[in-house]
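Just my_file30.txt here, compact mmCIF, C-alpha atoms and all ligand atoms:
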```txt
# COMPACT_ATOMS: atom_id res chain seq x y z
CA MET A 2 150.47 171.57 228.61
CA ALA A 3 147.23 169.65 228.98
CA ARG A 4 145.83 168.00 225.86
CA ASN A 5 142.53 169.47 224.61
CA ILE A 6 139.78 166.91 224.22
CA VAL A 7 136.09 166.91 223.35
CA ILE A 8 133.99 163.92 224.39
CA ASP A 9 130.96 162.72 222.46
CA THR A 10 129.00 160.30 224.63
CA ASP A 11 125.73 158.53 225.57
CA PRO A 12 125.95 157.85 229.32
CA GLY A 13 125.75 154.87 229.98
CA ILE A 14 127.60 153.44 233.01
CA ASP A 15 130.96 152.96 231.29
CA ASP A 16 130.60 156.38 229.64
CA ALA A 17 130.15 157.86 233.12
CA VAL A 18 133.34 156.14 234.31
CA ALA A 19 135.20 157.48 231.25
CA ILE A 20 133.93 161.01 231.96
CA MET A 21 135.09 160.67 235.57
CA ALA A 22 138.57 159.52 234.50
CA SER A 23 138.98 162.33 231.98
CA ALA A 24 137.66 165.05 234.29
CA LEU A 25 139.97 163.93 237.11
CA ASN A 26 143.16 163.75 235.03
CA ASN A 27 145.19 166.96 234.93
CA ASP A 28 146.82 166.15 231.59
CA LEU A 29 143.46 166.32 229.80
CA ASN A 30 141.50 169.51 229.27
CA ILE A 31 137.83 168.84 228.41
CA LEU A 32 136.60 171.68 226.18
CA GLY A 33 133.06 170.35 226.13
CA ILE A 34 130.91 167.23 226.08
CA SER A 35 128.45 166.53 223.29
CA VAL A 36 125.71 164.00 223.88
CA VAL A 37 124.02 161.56 221.52
CA ALA A 38 121.15 159.08 221.80
CA GLY A 39 122.56 155.60 222.43
CA ASN A 40 122.43 153.66 225.65
CA VAL A 41 119.39 155.77 226.59
CA ASP A 42 117.48 158.55 224.83
CA VAL A 43 119.31 161.82 224.34
CA ASP A 44 117.45 163.65 227.14
CA LYS A 45 118.39 161.03 229.71
CA ALA A 46 121.94 160.81 228.36
CA THR A 47 122.26 164.62 228.66
CA SER A 48 120.89 164.56 232.22
CA ASN A 49 123.29 161.76 233.10
CA THR A 50 126.25 163.80 231.83
CA LEU A 51 125.14 166.69 234.03
CA ARG A 52 124.55 164.33 236.99
CA ILE A 53 128.12 163.05 236.76
CA LEU A 54 129.65 166.52 236.30
CA GLY A 55 127.59 167.77 239.25
CA PHE A 56 128.81 164.87 241.40
CA LEU A 57 132.42 165.67 240.44
CA GLU A 58 131.90 169.42 241.06
CA LYS A 59 133.04 170.03 237.46
CA LYS A 60 130.24 172.39 236.64
CA ASP A 61 132.31 174.53 234.28
CA ILE A 62 132.48 171.84 231.56
CA PRO A 63 129.80 172.74 228.97
CA VAL A 64 127.38 170.03 227.81
CA TYR A 65 125.62 170.03 224.43
CA LYS A 66 122.60 167.94 223.48
CA GLY A 67 122.76 166.28 220.07
CA ALA A 68 121.04 163.78 217.81
CA HIS A 69 117.92 162.07 219.16
CA ARG A 70 117.97 159.30 216.54
CA PRO A 71 120.45 157.62 214.18
CA LEU A 72 120.97 158.56 210.52
CA LEU A 73 120.00 155.01 209.61
CA GLY A 74 117.43 152.73 211.21
CA GLU A 75 115.32 153.07 214.34
CA ARG A 76 116.82 154.11 217.65
CA ILE A 77 117.86 151.11 219.74
CA ASP A 78 118.87 151.59 223.35
CA ALA A 79 120.70 149.50 225.94
CA SER A 80 118.68 150.24 229.06
CA ASP A 81 118.51 146.49 229.67
CA ILE A 82 122.25 146.71 230.41
CA HIS A 83 122.60 150.21 231.85
CA GLY A 84 119.29 150.42 233.77
CA ASP A 85 116.21 152.55 233.04
CA ASP A 86 118.04 155.74 233.96
CA GLY A 87 121.20 154.69 232.07
CA LEU A 88 123.38 154.80 235.18
CA GLY A 89 122.37 151.60 236.98
CA ASN A 90 119.37 153.31 238.63
CA ILE A 91 121.39 155.25 241.17
CA ASP A 92 120.07 158.06 243.30
CA LEU A 93 121.96 161.05 241.91
CA LYS A 94 120.32 164.42 241.29
CA ILE A 95 121.26 167.12 238.77
CA PRO A 96 122.28 170.27 240.65
CA ARG A 97 119.66 172.94 239.89
CA ASP A 98 122.16 175.32 238.31
CA LEU A 99 123.34 172.76 235.72
CA LYS A 100 121.75 172.89 232.28
CA PRO A 101 122.83 171.92 228.75
CA MET A 102 123.96 174.75 226.46
CA GLU A 103 121.62 176.15 223.79
CA THR A 104 123.88 175.22 220.85
CA SER A 105 123.29 171.77 219.34
CA ALA A 106 126.04 169.15 219.67
CA PRO A 107 127.01 169.02 215.95
CA GLN A 108 127.17 172.84 215.78
CA PHE A 109 129.31 172.88 218.94
CA LEU A 110 131.70 170.32 217.38
CA ILE A 111 132.05 172.50 214.28
CA ASN A 112 132.57 175.69 216.32
CA ILE A 113 135.13 174.26 218.72
CA ALA A 114 137.10 172.62 215.90
CA LYS A 115 137.33 176.04 214.21
CA GLU A 116 138.40 177.67 217.45
CA TYR A 117 141.18 175.11 218.10
CA PRO A 118 142.29 173.99 214.60
CA LYS A 119 144.30 170.73 214.72
CA ASP A 120 144.42 171.03 218.49
CA ILE A 121 141.57 168.76 219.57
CA THR A 122 141.42 165.03 220.11
CA LEU A 123 137.82 163.96 219.66
CA VAL A 124 136.92 161.05 221.94
CA THR A 125 133.75 159.18 221.03
CA LEU A 126 131.97 156.80 223.38
CA GLY A 127 128.64 156.29 221.65
CA PRO A 128 127.00 156.03 218.21
CA LEU A 129 128.73 158.39 215.77
CA THR A 130 125.66 160.37 214.69
CA ASN A 131 126.76 163.81 216.00
CA LEU A 132 130.15 163.52 214.29
CA ALA A 133 128.61 162.39 211.02
CA VAL A 134 126.19 165.35 211.07
CA ALA A 135 129.09 167.75 211.77
CA ILE A 136 131.04 166.22 208.85
CA LEU A 137 128.02 166.64 206.56
CA MET A 138 127.38 170.22 207.73
CA ASP A 139 130.91 171.61 207.44
CA SER A 140 133.42 170.48 204.81
CA GLU A 141 136.30 171.83 206.92
CA PHE A 142 135.26 170.24 210.21
CA ILE A 143 137.25 167.04 209.95
CA ASP A 144 140.40 168.83 208.72
CA ASN A 145 140.31 170.92 211.88
CA ILE A 146 140.35 167.84 214.13
CA ASN A 147 143.72 166.46 215.19
CA SER A 148 142.58 162.86 215.67
CA ILE A 149 139.63 160.75 216.72
CA VAL A 150 139.79 158.11 219.44
CA SER A 151 136.66 155.97 219.44
CA MET A 152 135.24 153.12 221.42
CA ALA A 153 133.65 151.39 218.47
CA GLY A 154 133.50 148.10 216.66
CA ALA A 155 134.32 144.42 216.82
CA TYR A 156 137.08 143.45 214.39
CA GLY A 157 137.69 139.75 214.89
CA LEU A 158 141.41 140.45 215.23
CA THR A 159 141.68 138.86 218.68
CA PRO A 160 139.76 135.92 220.20
CA TYR A 161 137.61 138.48 222.10
CA GLY A 162 136.61 140.56 219.08
CA LYS A 163 133.09 139.18 218.78
CA GLY A 164 129.97 141.33 218.53
CA ASN A 165 127.76 142.26 221.47
CA ILE A 166 124.59 142.88 219.42
CA THR A 167 124.92 140.38 216.59
CA PRO A 168 127.72 137.79 216.29
CA LYS A 169 130.00 140.41 214.73
CA ALA A 170 128.45 143.82 215.35
CA GLU A 171 129.19 146.09 218.28
CA PHE A 172 126.58 148.45 219.82
CA ASN A 173 128.04 151.87 218.87
CA VAL A 174 128.43 150.86 215.22
CA TYR A 175 125.28 148.73 214.95
CA THR A 176 123.06 151.53 216.29
CA ASP A 177 124.13 153.93 213.50
CA PRO A 178 126.23 152.14 210.89
CA LEU A 179 125.83 154.92 208.32
CA ALA A 180 127.25 157.47 210.78
CA ALA A 181 130.15 155.09 211.49
CA LYS A 182 130.79 154.73 207.76
CA ILE A 183 130.85 158.51 207.30
CA VAL A 184 133.28 158.97 210.20
CA PHE A 185 135.55 156.03 209.36
CA SER A 186 135.81 157.14 205.72
CA SER A 187 136.80 160.67 206.71
CA GLU A 188 140.38 161.80 206.28
CA THR A 189 141.63 162.20 209.80
CA GLU A 190 143.68 159.93 212.02
CA LYS A 191 141.38 157.41 213.69
CA TYR A 192 142.28 155.21 216.66
CA LEU A 193 139.54 152.63 217.10
CA ILE A 194 139.25 150.70 220.33
CA GLY A 195 136.75 147.88 220.10
CA LEU A 196 135.56 144.72 221.76
CA ASP A 197 138.74 142.94 220.60
CA ILE A 198 140.45 144.39 223.65
CA THR A 199 137.66 145.69 225.92
CA GLN A 200 136.43 142.10 226.29
CA LYS A 201 139.92 140.75 226.97
CA PRO A 202 139.73 138.75 230.23
CA ASP A 203 142.48 140.63 232.12
CA ALA A 204 140.70 143.95 231.42
CA LEU A 205 137.37 142.83 232.94
CA LEU A 206 136.30 144.05 236.36
CA ASN A 207 136.25 141.15 238.82
CA GLU A 208 134.88 140.62 242.32
CA ASP A 209 138.07 141.93 243.99
CA ASP A 210 137.86 145.12 241.91
CA MET A 211 134.19 145.56 242.84
CA ASN A 212 134.90 145.08 246.56
CA MET A 213 137.79 147.51 246.38
CA LEU A 214 135.57 150.12 244.67
CA ARG A 215 132.83 149.64 247.28
CA ASP A 216 135.30 150.13 250.13
CA SER A 217 137.11 153.16 248.69
CA GLY A 218 136.01 156.83 248.77
CA LYS A 219 132.95 158.45 247.21
CA ASN A 220 134.09 158.03 243.58
CA GLY A 221 134.66 154.30 244.01
CA LYS A 222 131.33 153.87 245.78
CA LEU A 223 129.52 155.65 242.95
CA ILE A 224 131.10 153.35 240.35
CA HIS A 225 130.30 150.31 242.50
CA ASN A 226 126.66 151.40 242.83
CA MET A 227 126.28 152.08 239.11
CA LEU A 228 127.79 148.70 238.21
CA LYS A 229 126.52 146.33 240.86
CA THR A 230 123.31 145.09 239.20
CA LEU A 231 125.06 144.57 235.87
CA PHE A 232 128.06 142.95 237.55
CA TYR A 233 126.07 140.29 239.40
CA ALA A 234 123.74 139.72 236.42
CA SER A 235 126.73 139.08 234.17
CA GLY A 236 128.21 136.42 236.40
CA GLY A 237 131.03 138.31 238.10
CA ALA A 238 133.15 139.76 235.27
CA VAL A 239 132.20 142.88 233.41
CA PRO A 240 133.93 144.93 230.68
CA LEU A 241 134.41 148.68 231.06
CA HIS A 242 134.53 149.58 227.36
CA ASP A 243 134.55 153.37 227.16
CA PRO A 244 137.27 154.22 229.74
CA HIS A 245 139.86 152.55 227.48
CA THR A 246 139.76 155.62 225.22
CA ILE A 247 140.77 157.87 228.12
CA ILE A 248 143.36 155.52 229.58
CA TYR A 249 144.84 155.22 226.09
CA LEU A 250 145.34 159.02 226.07
CA ILE A 251 146.86 158.92 229.54
CA LYS A 252 149.02 155.80 229.13
CA PRO A 253 149.37 154.91 225.42
CA GLU A 254 152.26 152.50 226.01
CA ILE A 255 149.93 149.80 227.37
CA TYR A 256 147.94 149.68 224.09
CA LYS A 257 148.97 148.20 220.77
CA PHE A 258 147.48 149.42 217.46
CA ARG A 259 147.87 148.22 213.88
CA ARG A 260 146.82 150.00 210.68
CA TYR A 261 144.06 148.30 208.69
CA PHE A 262 141.65 149.22 205.92
CA ILE A 263 138.07 148.89 207.16
CA ASP A 264 134.51 149.56 206.06
CA VAL A 265 131.08 149.27 207.65
CA GLU A 266 128.30 147.02 206.37
CA ILE A 267 125.10 149.08 206.13
CA TYR A 268 122.92 146.87 203.93
CA GLY A 269 123.34 143.26 205.03
CA GLU A 270 120.37 141.40 206.49
CA ASN A 271 122.61 139.28 208.69
CA THR A 272 125.73 141.42 208.57
CA TYR A 273 124.21 144.86 209.27
CA GLY A 274 126.54 146.98 211.43
CA GLU A 275 129.56 144.71 211.01
CA ILE A 276 132.99 146.03 210.21
CA VAL A 277 134.82 144.44 207.31
CA VAL A 278 138.57 144.42 207.95
CA ASP A 279 140.88 144.02 205.00
CA ASP A 280 143.67 142.12 206.71
CA ARG A 281 145.15 140.70 203.51
CA GLU A 282 148.89 141.04 203.93
CA LYS A 283 150.08 140.44 200.38
CA VAL A 284 147.68 142.85 198.70
CA PRO A 285 149.01 146.33 197.80
CA GLU A 286 147.33 149.25 199.56
CA TRP A 287 145.68 150.57 196.42
CA LEU A 288 143.79 147.29 196.11
CA LYS A 289 142.62 147.18 199.70
CA GLN A 290 138.95 147.66 200.51
CA GLY A 291 137.83 150.45 202.80
CA PHE A 292 139.59 153.26 204.63
CA PRO A 293 142.71 153.29 206.78
CA SER A 294 142.40 153.36 210.58
CA TYR A 295 144.51 152.29 213.53
CA ILE A 296 142.75 149.41 215.28
CA CYS A 297 143.59 148.44 218.84
CA ILE A 298 144.74 144.82 218.95
CA ASP A 299 146.06 144.48 222.50
CA VAL A 300 146.07 146.03 225.94
CA ASP A 301 147.71 145.18 229.23
CA GLY A 302 144.41 144.77 231.09
CA GLU A 303 145.90 144.81 234.58
CA GLU A 304 147.71 148.07 233.82
CA PHE A 305 144.50 149.50 232.37
CA LYS A 306 142.62 148.85 235.61
CA LYS A 307 145.51 150.11 237.73
CA GLU A 308 145.71 153.39 235.81
CA LEU A 309 141.92 153.80 235.84
CA PHE A 310 141.69 153.31 239.59
CA ASN A 311 144.71 155.57 240.22
CA THR A 312 143.05 158.31 238.20
CA ILE A 313 139.59 158.07 239.74
CA LEU A 314 140.05 156.94 243.36
C1 LIG B 401 129.52 150.29 223.89
O1 LIG B 401 128.09 150.17 223.94
C2 LIG B 401 127.58 150.86 225.03
O2 LIG B 401 126.56 150.14 225.67
C3 LIG B 401 128.74 151.18 225.93
O3 LIG B 401 128.53 152.40 226.61
C4 LIG B 401 129.92 151.23 225.01
O4 LIG B 401 130.08 152.53 224.49
C5 LIG B 401 130.10 148.90 223.99
O5 LIG B 401 129.68 148.12 222.93
CA CA B 402 128.96 154.46 225.43
```

Produce structure tokens that represent the structure in this file.
Ligand code: BDR
Ligand code: CA
Amino acid sequence: MARNIVIDTDPGIDDAVAIMASALNNDLNILGISVVAGNVDVDKATSNTLRILGFLEKKDIPVYKGAHRPLLGERIDASDIHGDDGLGNIDLKIPRDLKPMETSAPQFLINIAKEYPKDITLVTLGPLTNLAVAILMDSEFIDNINSIVSMAGAYGLTPYGKGNITPKAEFNVYTDPLAAKIVFSSETEKYLIGLDITQKPDALLNEDDMNMLRDSGKNGKLIHNMLKTLFYASGGAVPLHDPHTIIYLIKPEIYKFRRYFIDVEIYGENTYGEIVVDDREKVPEWLKQGFPSYICIDVDGEEFKKELFNTIL
């Protein structure tokens, strides 16, 4: 039986690729997509979700608009990376019959978790604001979720685990650290996939990958077009962060996780948005700082790309 998932996202080029991979894999059943402000504002991010679903002819997947700003701090976007439209400035229309649902994203998350208790894997690809609001609104919400798989954080557990906003802070955590703290301190199983592995050299898209995408069918061409400006601006090697969450669900054996206690810095002037990892080995658990999570510490990058292309192309 297919695994039920809900995706919370802020498309975003790599979000779009993750949505494509999940929608095209028969072992995953997307019950809905909730959208949050992140890479672009929440209206653009919602339109982008609909644009991608329209392109894929997956018009039956419901889309819910969520938070327009973080719980903490001002909204910061990443349109310098993802383009003004959030998808690399491609020419892709929303089909006229596609609209977001009336229900707000946090309310949808609460409702769907009640409808499928312990039967949903929540995949997050953006700032964690919608989840945090759902946790604050409904004391039973998190108990109804089976597990959370998030693209979030930089942990310094591999040589590639450096920040992409500040030296140690990653975008999805930095843009709403309070929401991340609320989600990470919640009592559900959390699998956190961060820059420690998404920036690993063998997982980066290279020139051969880009040429192959350009010369393959319509899905590959779309990904190539979304990525091309970013790819050449970044010197010919680009990470695809968000799709790791989906490929992890499809092929978990190529990922390695370890359990750590972590917490999010929400006050620091220079450390705002960083994750503190308690990696002390000789300290008993009751003395450890933070909350337990499984952190991804390795991936077979070649296998990741192979599985991603097999799923999408
Ligand atoms: C994360 O930030 C966003 O720009 C990407 O979509 C990804 O979710 C990587 O730090
Ligand atoms: Ca994202």

Exercise for the section: Taking (143.3, 158.0, 237.8) in the file's own coordinates, collect the residues within 9 Å, counting only C-alpha atoms, and hand them back as an NGL selection string. Expected result: :A and (21-23 or 25-26 or 248 or 307-314)

Exercise for the section: Give the answer as one residue: which of A:Glu266, A:Asp44, A:Glu254, A:Asp243 has the shortest atom-to-atom distance to ligand CA 402 (chain B), using only C-alpha atoms and all ligand atoms? Expected result: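 Once distances to ligand CA 402 (chain B) are computed over only C-alpha atoms and all ligand atoms, the minimum belongs to A:Asp243.
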
Exercise for the section: Could you give me the residues within 6 Å of ligand LIG 401 (chain B), counting all atoms listed in the file, as a PyMOL selection string? Expected result: chain A and resi 13+15-16+40+79+126-127+171-173+242-243

Practice task
State, in Å with one decimal place, the distance from atom CA of Leu72 of chain A to atom CA of Ile8 of chain A.
Solution key: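 Interatomic distance, atom CA of Leu72 of chain A to atom CA of Ile8 of chain A: 19.8 Å.
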
Exercise for the section: Give the answer as one residue: which of A:Ala114, A:Leu129, A:Ile31, A:Val278 has the shortest atom-to-atom distance to ligand CA 402 (chain B), using only C-alpha atoms and all ligand atoms? Expected result: A:Leu129

Exercise for the section: Take atom CA of Lys100 of chain A and atom CA of Val37 of chain A and report the distance between them in Å, one decimal. Expected result: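 Here the two named atoms are 15.8 Å from each other.
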
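With atom CA of Leu214 of chain A on one side and atom CA of Asn226 of chain A on the other, the separation reads 9.2 Å.
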
Exercise for the section: Name all residues at most 10 Å from Gly84 of chain A (count all atoms listed in the file; drop same-chain ones fewer than 6 positions away) and give them as a PyMOL selection string. Expected result: chain A and resi 13-14+40-41+90-91+227-228+230-231

Exercise for the section: May I have the residues within 12 Å of Arg97 of chain A as an MDAnalysis selection string, using all atoms listed in the file and disregarding those fewer than 6 positions away in the same chain? Expected result: chainID A and resid 48 51:52 55 60

Kindly save the residues from that selection, with C-alpha atoms included, as a compact mmCIF listing (two decimals), in the coordinates of the input.
```
# COMPACT_ATOMS: atom_id res chain seq x y z
CA SER A 48 120.89 164.56 232.22
CA LEU A 51 125.14 166.69 234.03
CA ARG A 52 124.55 164.33 236.99
CA GLY A 55 127.59 167.77 239.25
CA LYS A 60 130.24 172.39 236.64
```

Exercise for the section: Considering all atoms listed in the file, state which residue in the set A:Leu88, A:Asn207, A:Thr125, A:Asp144 is at the smallest distance from Ile224 of chain A. Expected result: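 Of the candidates, the smallest distance to Ile224 of chain A is held by A:Leu88.
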